[in-house]
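Participant: So here's structure.cif, just mmCIF, C-alpha atoms and all ligand atoms:
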data_target
#
loop_
_atom_site.label_atom_id
_atom_site.label_comp_id
_atom_site.auth_asym_id
_atom_site.auth_seq_id
_atom_site.Cartn_x
_atom_site.Cartn_y
_atom_site.Cartn_z
CA MET A 5 217.08 -98.81 119.51
CA LYS A 6 215.66 -95.45 118.52
CA LYS A 7 216.08 -94.71 114.80
CA LEU A 8 217.68 -91.35 114.10
CA TYR A 9 216.84 -88.85 111.35
CA GLY A 10 217.55 -85.17 110.86
CA VAL A 11 218.03 -82.14 108.67
CA ILE A 12 221.28 -80.39 107.76
CA GLY A 13 221.52 -76.75 106.72
CA ASP A 14 222.84 -73.30 107.51
CA PRO A 15 220.88 -71.57 109.01
CA ILE A 16 218.81 -74.36 110.58
CA GLU A 17 217.45 -73.08 113.89
CA HIS A 18 214.10 -71.91 112.46
CA SER A 19 213.40 -75.12 110.54
CA MET A 20 209.84 -76.41 111.01
CA SER A 21 210.87 -79.93 109.97
CA PRO A 22 211.87 -81.32 113.41
CA ILE A 23 208.54 -80.53 115.07
CA MET A 24 206.61 -81.84 112.06
CA HIS A 25 208.50 -85.14 111.78
CA ASN A 26 208.77 -85.79 115.52
CA ASP A 27 205.01 -85.35 115.89
CA ALA A 28 204.44 -87.81 113.03
CA PHE A 29 206.76 -90.39 114.64
CA LYS A 30 204.80 -90.05 117.88
CA GLN A 31 201.48 -90.22 116.11
CA LEU A 32 202.45 -93.42 114.32
CA ASN A 33 204.11 -94.98 117.39
CA LEU A 34 207.50 -95.13 115.73
CA ASP A 35 210.54 -95.19 117.98
CA ALA A 36 212.43 -92.52 116.09
CA TYR A 37 213.78 -89.01 116.54
CA TYR A 38 214.53 -86.16 114.07
CA HIS A 39 217.16 -83.56 114.93
CA PRO A 40 218.29 -80.30 113.24
CA PHE A 41 222.05 -80.18 112.57
CA HIS A 42 223.84 -76.94 111.79
CA VAL A 43 226.43 -77.75 109.11
CA ASN A 44 228.72 -75.10 107.61
CA ARG A 45 229.24 -75.03 103.85
CA GLU A 46 232.84 -76.28 104.06
CA ASP A 47 231.92 -79.19 106.34
CA ILE A 48 229.38 -80.95 104.11
CA GLY A 49 231.66 -83.91 103.24
CA SER A 50 232.68 -84.63 106.81
CA ALA A 51 229.09 -84.16 107.98
CA VAL A 52 227.86 -86.88 105.59
CA LYS A 53 230.62 -89.24 106.76
CA GLY A 54 229.82 -88.49 110.39
CA MET A 55 226.09 -89.07 109.91
CA LYS A 56 226.79 -92.45 108.35
CA ALA A 57 229.21 -93.41 111.10
CA LEU A 58 226.57 -92.54 113.70
CA GLY A 59 223.98 -94.69 111.94
CA ILE A 60 221.57 -91.91 110.97
CA ARG A 61 218.90 -93.61 108.81
CA GLY A 62 217.96 -90.65 106.71
CA PHE A 63 218.00 -86.89 106.63
CA ASN A 64 216.76 -83.82 104.82
CA VAL A 65 219.10 -81.37 103.17
CA THR A 66 218.43 -77.67 102.95
CA ILE A 67 220.18 -74.43 101.95
CA PRO A 68 223.13 -74.24 101.16
CA HIS A 69 223.88 -77.98 100.72
CA LYS A 70 221.26 -79.26 98.25
CA SER A 71 223.69 -79.40 95.30
CA SER A 72 227.07 -79.58 97.02
CA ILE A 73 226.12 -82.78 98.89
CA ILE A 74 225.80 -84.83 95.67
CA PRO A 75 229.48 -85.90 95.28
CA PHE A 76 229.48 -87.16 98.88
CA LEU A 77 226.53 -89.53 98.45
CA ASP A 78 226.75 -93.19 97.35
CA GLY A 79 224.00 -92.87 94.77
CA ILE A 80 221.37 -90.54 93.38
CA ASP A 81 217.89 -91.01 91.99
CA PRO A 82 217.52 -89.96 88.30
CA LEU A 83 215.02 -87.14 88.98
CA ALA A 84 217.27 -85.65 91.71
CA GLN A 85 220.21 -86.01 89.32
CA ALA A 86 218.34 -84.12 86.60
CA ILE A 87 217.30 -81.41 89.06
CA GLY A 88 220.86 -81.25 90.36
CA ALA A 89 219.70 -81.02 93.95
CA VAL A 90 218.93 -83.41 96.80
CA ASN A 91 216.58 -82.62 99.68
CA THR A 92 216.23 -86.15 101.09
CA VAL A 93 218.84 -88.81 101.83
CA VAL A 94 217.89 -92.40 102.63
CA LEU A 95 220.17 -95.10 104.08
CA GLU A 96 219.61 -98.11 101.80
CA GLU A 97 221.67 -101.24 102.50
CA GLY A 98 224.41 -99.17 104.09
CA GLU A 99 224.49 -96.59 101.29
CA TYR A 100 223.28 -93.00 101.33
CA ILE A 101 221.03 -92.41 98.31
CA GLY A 102 219.87 -88.90 97.39
CA TYR A 103 216.34 -88.01 96.29
CA ASN A 104 214.45 -84.81 95.58
CA THR A 105 210.90 -84.63 96.97
CA ASP A 106 210.50 -80.84 96.50
CA GLY A 107 208.94 -81.06 93.06
CA LEU A 108 206.68 -84.02 93.89
CA GLY A 109 205.73 -82.31 97.15
CA PHE A 110 204.73 -79.28 95.10
CA LEU A 111 202.69 -81.40 92.69
CA LYS A 112 200.85 -83.21 95.51
CA GLY A 113 200.17 -79.90 97.25
CA LEU A 114 198.82 -78.42 94.03
CA GLU A 115 196.58 -81.46 93.43
CA GLU A 116 195.31 -81.21 97.03
CA GLU A 117 194.30 -77.56 96.88
CA CYS A 118 193.68 -76.57 93.26
CA PRO A 119 189.90 -76.59 92.67
CA PHE A 120 190.21 -78.12 89.18
CA SER A 121 192.15 -81.00 87.64
CA ILE A 122 195.58 -79.88 86.47
CA GLU A 123 195.60 -82.31 83.57
CA LYS A 124 196.02 -80.58 80.18
CA LYS A 125 196.14 -77.17 81.83
CA LYS A 126 198.45 -74.37 80.75
CA VAL A 127 200.97 -73.46 83.42
CA MET A 128 203.08 -70.32 83.80
CA MET A 129 205.99 -70.60 86.20
CA ILE A 130 207.63 -67.42 87.48
CA GLY A 131 211.32 -67.80 88.37
CA ALA A 132 214.22 -69.93 87.21
CA GLY A 133 216.19 -70.72 90.37
CA GLY A 134 216.67 -74.01 92.21
CA ALA A 135 213.06 -74.38 93.34
CA ALA A 136 211.82 -73.63 89.82
CA ARG A 137 214.08 -76.32 88.36
CA ALA A 138 212.79 -78.95 90.83
CA ILE A 139 209.18 -78.08 90.04
CA PHE A 140 209.67 -77.83 86.27
CA TYR A 141 211.45 -81.20 85.95
CA THR A 142 208.95 -82.94 88.19
CA LEU A 143 205.93 -81.56 86.29
CA ALA A 144 207.65 -82.46 83.00
CA SER A 145 208.41 -85.98 84.27
CA SER A 146 204.71 -86.31 85.16
CA GLY A 147 203.72 -85.52 81.58
CA ILE A 148 202.71 -81.86 81.94
CA GLU A 149 204.15 -80.43 78.72
CA LYS A 150 202.89 -76.90 78.66
CA ILE A 151 204.83 -75.05 81.35
CA ASP A 152 206.15 -71.70 80.20
CA ILE A 153 208.78 -69.93 82.29
CA VAL A 154 208.64 -66.23 83.06
CA ASN A 155 211.88 -64.85 84.42
CA ARG A 156 213.78 -61.59 84.80
CA THR A 157 216.81 -63.26 83.17
CA VAL A 158 215.41 -65.08 80.12
CA GLN A 159 218.63 -67.05 79.62
CA LYS A 160 218.22 -68.81 82.98
CA GLY A 161 214.76 -69.99 82.00
CA GLU A 162 216.08 -71.27 78.67
CA GLN A 163 218.75 -73.23 80.49
CA ILE A 164 216.12 -75.05 82.59
CA ILE A 165 214.13 -75.96 79.47
CA ASN A 166 217.18 -77.01 77.42
CA GLU A 167 218.59 -79.20 80.18
CA CYS A 168 215.28 -80.87 80.98
CA PRO A 169 215.53 -84.64 80.34
CA TYR A 170 211.76 -84.95 79.76
CA PRO A 171 210.04 -83.62 76.62
CA THR A 172 208.24 -80.30 76.96
CA ASN A 173 206.63 -77.76 74.76
CA SER A 174 207.79 -74.79 76.81
CA LYS A 175 209.03 -71.31 76.10
CA VAL A 176 210.45 -68.43 78.13
CA LEU A 177 208.97 -64.96 78.49
CA ASN A 178 210.45 -61.94 80.22
CA LEU A 179 208.54 -60.31 83.09
CA SER A 180 206.68 -57.75 80.99
CA GLU A 181 205.71 -60.32 78.34
CA GLY A 182 204.58 -62.65 81.13
CA SER A 183 202.43 -59.94 82.62
CA LEU A 184 200.77 -59.23 79.25
CA LYS A 185 200.19 -62.94 78.46
CA MET A 186 198.83 -64.03 81.84
CA ASN A 187 195.31 -64.64 80.51
CA ASP A 188 196.66 -67.46 78.30
CA TYR A 189 197.23 -69.65 81.38
CA ASP A 190 195.16 -71.60 83.93
CA ILE A 191 197.74 -71.96 86.71
CA ILE A 192 200.49 -69.55 87.73
CA ILE A 193 203.29 -70.84 89.95
CA GLN A 194 205.46 -68.32 91.79
CA THR A 195 208.91 -69.67 92.75
CA THR A 196 211.07 -66.59 93.38
CA SER A 197 211.92 -65.21 96.82
CA ILE A 198 210.02 -61.98 96.06
CA GLY A 199 207.27 -61.82 98.68
CA MET A 200 209.46 -63.22 101.43
CA TYR A 201 211.42 -61.13 103.96
CA PRO A 202 212.93 -58.59 103.13
CA TYR A 203 210.72 -58.33 100.01
CA ILE A 204 207.37 -58.76 101.78
CA ASN A 205 205.74 -55.77 100.12
CA GLU A 206 206.87 -56.74 96.63
CA SER A 207 205.50 -58.92 93.89
CA PRO A 208 207.68 -60.44 91.12
CA ILE A 209 205.10 -59.68 88.40
CA SER A 210 202.27 -57.24 87.75
CA LEU A 211 198.71 -58.64 87.67
CA GLU A 212 197.47 -55.46 85.99
CA PHE A 213 196.35 -57.24 82.80
CA LEU A 214 194.93 -60.34 84.47
CA SER A 215 191.25 -60.51 83.63
CA LYS A 216 190.36 -64.19 84.04
CA GLN A 217 190.25 -66.54 87.01
CA VAL A 218 193.54 -68.37 87.27
CA PHE A 219 194.80 -70.47 90.18
CA ILE A 220 197.88 -68.90 91.74
CA SER A 221 200.33 -71.11 93.62
CA ASP A 222 202.99 -69.18 95.53
CA ILE A 223 205.63 -71.48 97.05
CA ILE A 224 206.30 -68.99 99.88
CA TYR A 225 204.56 -69.86 103.17
CA ASN A 226 206.11 -67.26 105.44
CA PRO A 227 204.36 -64.84 105.23
CA PHE A 228 201.18 -66.84 104.63
CA ASN A 229 199.76 -64.28 102.23
CA THR A 230 202.27 -62.76 99.87
CA ARG A 231 201.62 -59.52 98.05
CA LEU A 232 200.98 -61.58 94.89
CA LEU A 233 198.32 -63.74 96.61
CA ILE A 234 196.63 -60.67 98.09
CA GLU A 235 196.53 -58.96 94.69
CA ALA A 236 195.24 -62.17 93.09
CA SER A 237 192.45 -62.51 95.62
CA SER A 238 191.41 -58.90 95.00
CA LYS A 239 190.87 -60.05 91.39
CA SER A 240 188.76 -63.00 92.63
CA CYS A 241 191.44 -65.56 91.80
CA SER A 242 191.87 -68.49 94.16
CA GLY A 243 195.30 -69.59 95.22
CA GLN A 244 197.52 -71.36 97.71
CA ASN A 245 200.69 -70.56 99.58
CA GLY A 246 203.69 -72.88 99.95
CA LEU A 247 202.49 -74.71 103.05
CA ALA A 248 201.11 -77.69 101.11
CA MET A 249 204.39 -78.03 99.19
CA PHE A 250 206.47 -77.84 102.37
CA VAL A 251 204.36 -80.40 104.19
CA ASN A 252 204.20 -82.79 101.23
CA GLN A 253 207.95 -82.71 100.52
CA GLY A 254 208.38 -83.66 104.18
CA ALA A 255 205.68 -86.34 104.08
CA LEU A 256 207.28 -87.93 100.98
CA ALA A 257 210.69 -87.96 102.71
CA PHE A 258 209.04 -89.53 105.79
CA LYS A 259 207.51 -92.22 103.59
CA LYS A 260 210.89 -93.02 102.02
CA TRP A 261 212.39 -93.49 105.49
CA THR A 262 209.57 -95.38 107.21
CA GLY A 263 207.33 -96.78 104.47
CA VAL A 264 204.38 -94.89 105.96
CA LEU A 265 202.75 -91.70 104.66
CA PRO A 266 202.00 -89.40 107.62
CA ASP A 267 198.85 -87.31 108.12
CA THR A 268 199.51 -84.18 106.02
CA ASP A 269 196.55 -82.21 107.43
CA ARG A 270 197.99 -82.65 110.91
CA MET A 271 201.41 -81.55 109.61
CA LYS A 272 199.86 -78.42 108.06
CA ASN A 273 198.21 -77.53 111.37
CA ILE A 274 201.45 -77.97 113.29
CA VAL A 275 203.41 -75.72 110.95
CA LYS A 276 200.58 -73.16 110.93
CA SER A 277 200.50 -73.04 114.73
CA GLN A 278 204.27 -72.57 114.86
CA LEU A 279 204.14 -69.69 112.41
CA GLY A 280 201.47 -68.03 114.54
P1 LIG A 301 216.04 -70.60 94.71
O1 LIG A 301 217.24 -71.45 94.45
O2 LIG A 301 215.68 -70.46 96.16
O3 LIG A 301 214.87 -70.97 93.87
P2 LIG A 301 217.49 -68.50 93.33
O4 LIG A 301 218.30 -69.48 92.63
O5 LIG A 301 218.19 -67.43 94.10
O6 LIG A 301 216.44 -69.12 94.34
O7 LIG A 301 216.49 -67.86 92.24
C1 LIG A 301 215.79 -66.75 92.53
C2 LIG A 301 214.76 -66.45 91.44
O8 LIG A 301 214.16 -65.22 91.81
C3 LIG A 301 215.34 -66.24 90.05
O9 LIG A 301 214.40 -66.62 89.09
C4 LIG A 301 215.55 -64.72 90.03
O10 LIG A 301 215.56 -64.14 88.76
P3 LIG A 301 216.93 -64.07 87.89
O11 LIG A 301 217.09 -65.44 87.30
O12 LIG A 301 216.68 -63.03 86.89
O13 LIG A 301 218.00 -63.72 88.86
C5 LIG A 301 214.31 -64.28 90.76
N1 LIG A 301 214.47 -62.93 91.31
C6 LIG A 301 215.28 -62.55 92.31
N2 LIG A 301 215.14 -61.24 92.56
C7 LIG A 301 214.19 -60.78 91.69
C8 LIG A 301 213.56 -59.51 91.44
N3 LIG A 301 213.88 -58.43 92.17
N4 LIG A 301 212.62 -59.43 90.49
C9 LIG A 301 212.28 -60.52 89.76
N5 LIG A 301 212.81 -61.73 89.93
C10 LIG A 301 213.76 -61.86 90.89
#
How would this structure read if it were set down as structure tokens?

Facilitator:
Amino acid sequence: MKKLYGVIGDPIEHSMSPIMHNDAFKQLNLDAYYHPFHVNREDIGSAVKGMKALGIRGFNVTIPHKSSIIPFLDGIDPLAQAIGAVNTVVLEEGEYIGYNTDGLGFLKGLEEECPFSIEKKKVMMIGAGGAARAIFYTLASSGIEKIDIVNRTVQKGEQIINECPYPTNSKVLNLSEGSLKMNDYDIIIQTTSIGMYPYINESPISLEFLSKQVFISDIIYNPFNTRLLIEASSKSCSGQNGLAMFVNQGALAFKKWTGVLPDTDRMKNIVKSQLG
């Protein structure tokens, strides 16, 4: 019988995940199907029960359910627990176990596209929301100690650092301090929604004082080139958008469900062609 997978969220109609996963199933000759499910905020508990009753083998979780789903799962992986958010659920011996592949997807995407080894490099991360927390805890759990957070609200950055279960050597800067100190870093990660609709002509931080070549990783992939990436390239800095992170978080979920890692270049091309 066909194995069923999916994604739950609200909104969900523009999700690129179904086309990406269904193509990978086809490519690997797996008799499986991935469907987008629109689930309202208040229905998360009954949705999880219903998915289990229907025998769904695994699913992704997106906005607004990444944190609120946790009490309805049978178990949670320690990294997802620390992050406080689940983006992937796997049916394991009849139990739904929650994982978070966002941070690891980011790390793989960075390793794929950054022109130098990220080992021992100094990282500045802009933002202190949910995506920032997933990335920070995953980098910290991988032994990257020097990740400073730059955020409009300094307190939110401090909270991420203080609650991190892995040792770090990090500090928080406000946006103007971050802008002045940019030359102290090798990699700058942008995790806020500034650059995405309706903020497409905005950048979360000024690059005015940037005078060295840093690698800029913006986790936004729609639009492909954010204002920050355009400004960085005008200063001869190389960078990446969020496509590699998106594809790799999906590929890692796919591997948890099927045991097979799909072709991530093919996934990138599919998402690119959908975005036009
Ligand atoms: P997500 O969960 O998707 O990562 P979020 O929790 O809404 O998003 O976090 C958004 C991030 O964007 C935060 O770091 C936020 O800064 P604050 O912590 O100060 O709120 C940042 N952000 C949002 N609007 C911003 C703006 N106009 N300028 C700078 N940073 C902004």

Participant: Write as a ChimeraX atom specification the residues around ligand LIG 301 (chain A), taking 10 Å as the cut-off and counting all atoms listed in the file.

Facilitator: /A:67-68,70,89,129-139,153-161,178-179,194-199,203,206-209,223

Participant: Considering only C-alpha atoms, state which residue in the set A:Leu211, A:Met249, A:Met5, A:Cys168 is at the smallest distance from Glu181 (chain A).

Facilitator: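 Ranking A:Leu211, A:Met249, A:Met5, A:Cys168 by distance to Glu181 (chain A), first place goes to A:Leu211.
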
Participant: Mind listing whatever residues come within 12 Å of the point (196.8, -63.3, 87.3)? Use all atoms listed in the file, file coordinates, and give them as a PyMOL selection string.

Facilitator: chain A and resi 127-130+182-194+207-222+232-243

Participant: Save out the residues we just selected, C-alpha atoms, as an mmCIF file, keeping the file's coordinate frame.

Facilitator:
data_model
loop_
_atom_site.group_PDB
_atom_site.id
_atom_site.type_symbol
_atom_site.label_atom_id
_atom_site.label_comp_id
_atom_site.auth_asym_id
_atom_site.auth_seq_id
_atom_site.Cartn_x
_atom_site.Cartn_y
_atom_site.Cartn_z
ATOM 1 C CA VAL A 127 200.970 -73.460 83.420
ATOM 2 C CA MET A 128 203.080 -70.320 83.800
ATOM 3 C CA MET A 129 205.990 -70.600 86.200
ATOM 4 C CA ILE A 130 207.630 -67.420 87.480
ATOM 5 C CA GLY A 182 204.580 -62.650 81.130
ATOM 6 C CA SER A 183 202.430 -59.940 82.620
ATOM 7 C CA LEU A 184 200.770 -59.230 79.250
ATOM 8 C CA LYS A 185 200.190 -62.940 78.460
ATOM 9 C CA MET A 186 198.830 -64.030 81.840
ATOM 10 C CA ASN A 187 195.310 -64.640 80.510
ATOM 11 C CA ASP A 188 196.660 -67.460 78.300
ATOM 12 C CA TYR A 189 197.230 -69.650 81.380
ATOM 13 C CA ASP A 190 195.160 -71.600 83.930
ATOM 14 C CA ILE A 191 197.740 -71.960 86.710
ATOM 15 C CA ILE A 192 200.490 -69.550 87.730
ATOM 16 C CA ILE A 193 203.290 -70.840 89.950
ATOM 17 C CA GLN A 194 205.460 -68.320 91.790
ATOM 18 C CA SER A 207 205.500 -58.920 93.890
ATOM 19 C CA PRO A 208 207.680 -60.440 91.120
ATOM 20 C CA ILE A 209 205.100 -59.680 88.400
ATOM 21 C CA SER A 210 202.270 -57.240 87.750
ATOM 22 C CA LEU A 211 198.710 -58.640 87.670
ATOM 23 C CA GLU A 212 197.470 -55.460 85.990
ATOM 24 C CA PHE A 213 196.350 -57.240 82.800
ATOM 25 C CA LEU A 214 194.930 -60.340 84.470
ATOM 26 C CA SER A 215 191.250 -60.510 83.630
ATOM 27 C CA LYS A 216 190.360 -64.190 84.040
ATOM 28 C CA GLN A 217 190.250 -66.540 87.010
ATOM 29 C CA VAL A 218 193.540 -68.370 87.270
ATOM 30 C CA PHE A 219 194.800 -70.470 90.180
ATOM 31 C CA ILE A 220 197.880 -68.900 91.740
ATOM 32 C CA SER A 221 200.330 -71.110 93.620
ATOM 33 C CA ASP A 222 202.990 -69.180 95.530
ATOM 34 C CA LEU A 232 200.980 -61.580 94.890
ATOM 35 C CA LEU A 233 198.320 -63.740 96.610
ATOM 36 C CA ILE A 234 196.630 -60.670 98.090
ATOM 37 C CA GLU A 235 196.530 -58.960 94.690
ATOM 38 C CA ALA A 236 195.240 -62.170 93.090
ATOM 39 C CA SER A 237 192.450 -62.510 95.620
ATOM 40 C CA SER A 238 191.410 -58.900 95.000
ATOM 41 C CA LYS A 239 190.870 -60.050 91.390
ATOM 42 C CA SER A 240 188.760 -63.000 92.630
ATOM 43 C CA CYS A 241 191.440 -65.560 91.800
ATOM 44 C CA SER A 242 191.870 -68.490 94.160
ATOM 45 C CA GLY A 243 195.300 -69.590 95.220
#

Participant: Rank A:Asp152, A:Asn273, A:Gly147, A:Asn104 by their smallest atom-to-atom distance to Lys124 (chain A), using only C-alpha atoms, and report the top residue only.

Facilitator: A:Gly147

Participant: For region 42-58 of chain A, work out the shell of residues within 10 Å, counting only C-alpha atoms and skipping chain neighbours fewer than 2 positions away, then give it as a ChimeraX atom specification.

Facilitator: /A:8-17,39-40,60-63,67-69,72-77,93,95,98-100

Participant: Which value, in Å to one decimal, gives the distance between CA of Asn245 (chain A) and CA of Ala257 (chain A)?

Facilitator: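 We find that CA of Asn245 (chain A) and CA of Ala257 (chain A) lie 20.3 Å from each other.
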
Participant: List every protein, DNA or RNA residue with an atom no more than 6 Å from (204.3, -63.2, 103.5) in the file's coordinates, counting only C-alpha atoms, and format the result as a list in words.

Facilitator: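 Checked against the point, the hits come out as Gly199, Met200, Ile204, Asn226, Pro227, Phe228, Asn229 and Thr230 of chain A.
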
Participant: What does the file look like for those residues with C-alpha atoms, as a tab-separated table (two decimals), in the coordinates of the input?

Facilitator:
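Written output follows (result06.tsv):
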chain	number	residue	atom	x	y	z
A	199	GLY	CA	207.27	-61.82	98.68
A	200	MET	CA	209.46	-63.22	101.43
A	204	ILE	CA	207.37	-58.76	101.78
A	226	ASN	CA	206.11	-67.26	105.44
A	227	PRO	CA	204.36	-64.84	105.23
A	228	PHE	CA	201.18	-66.84	104.63
A	229	ASN	CA	199.76	-64.28	102.23
A	230	THR	CA	202.27	-62.76	99.87

Participant: Hey, can you check how far CA of Leu143 (chain A) sits from CA of Gly102 (chain A)?

Facilitator: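 Between these atoms lies a distance of 19.3 Å.
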
Participant: Distance CA of Gly109 (chain A)-CA of Phe41 (chain A), one decimal place?

Facilitator: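 If I compute the distance from CA of Gly109 (chain A) to CA of Phe41 (chain A), I get 22.6 Å.
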
Participant: Please identify all polymer residues within 8 Å of Gln253 (chain A), counting only C-alpha atoms, omitting same-chain residues fewer than 2 positions from it, and present them as a VMD selection string.

Facilitator: chain A and resid 105 to 110 249 to 251 255 to 257
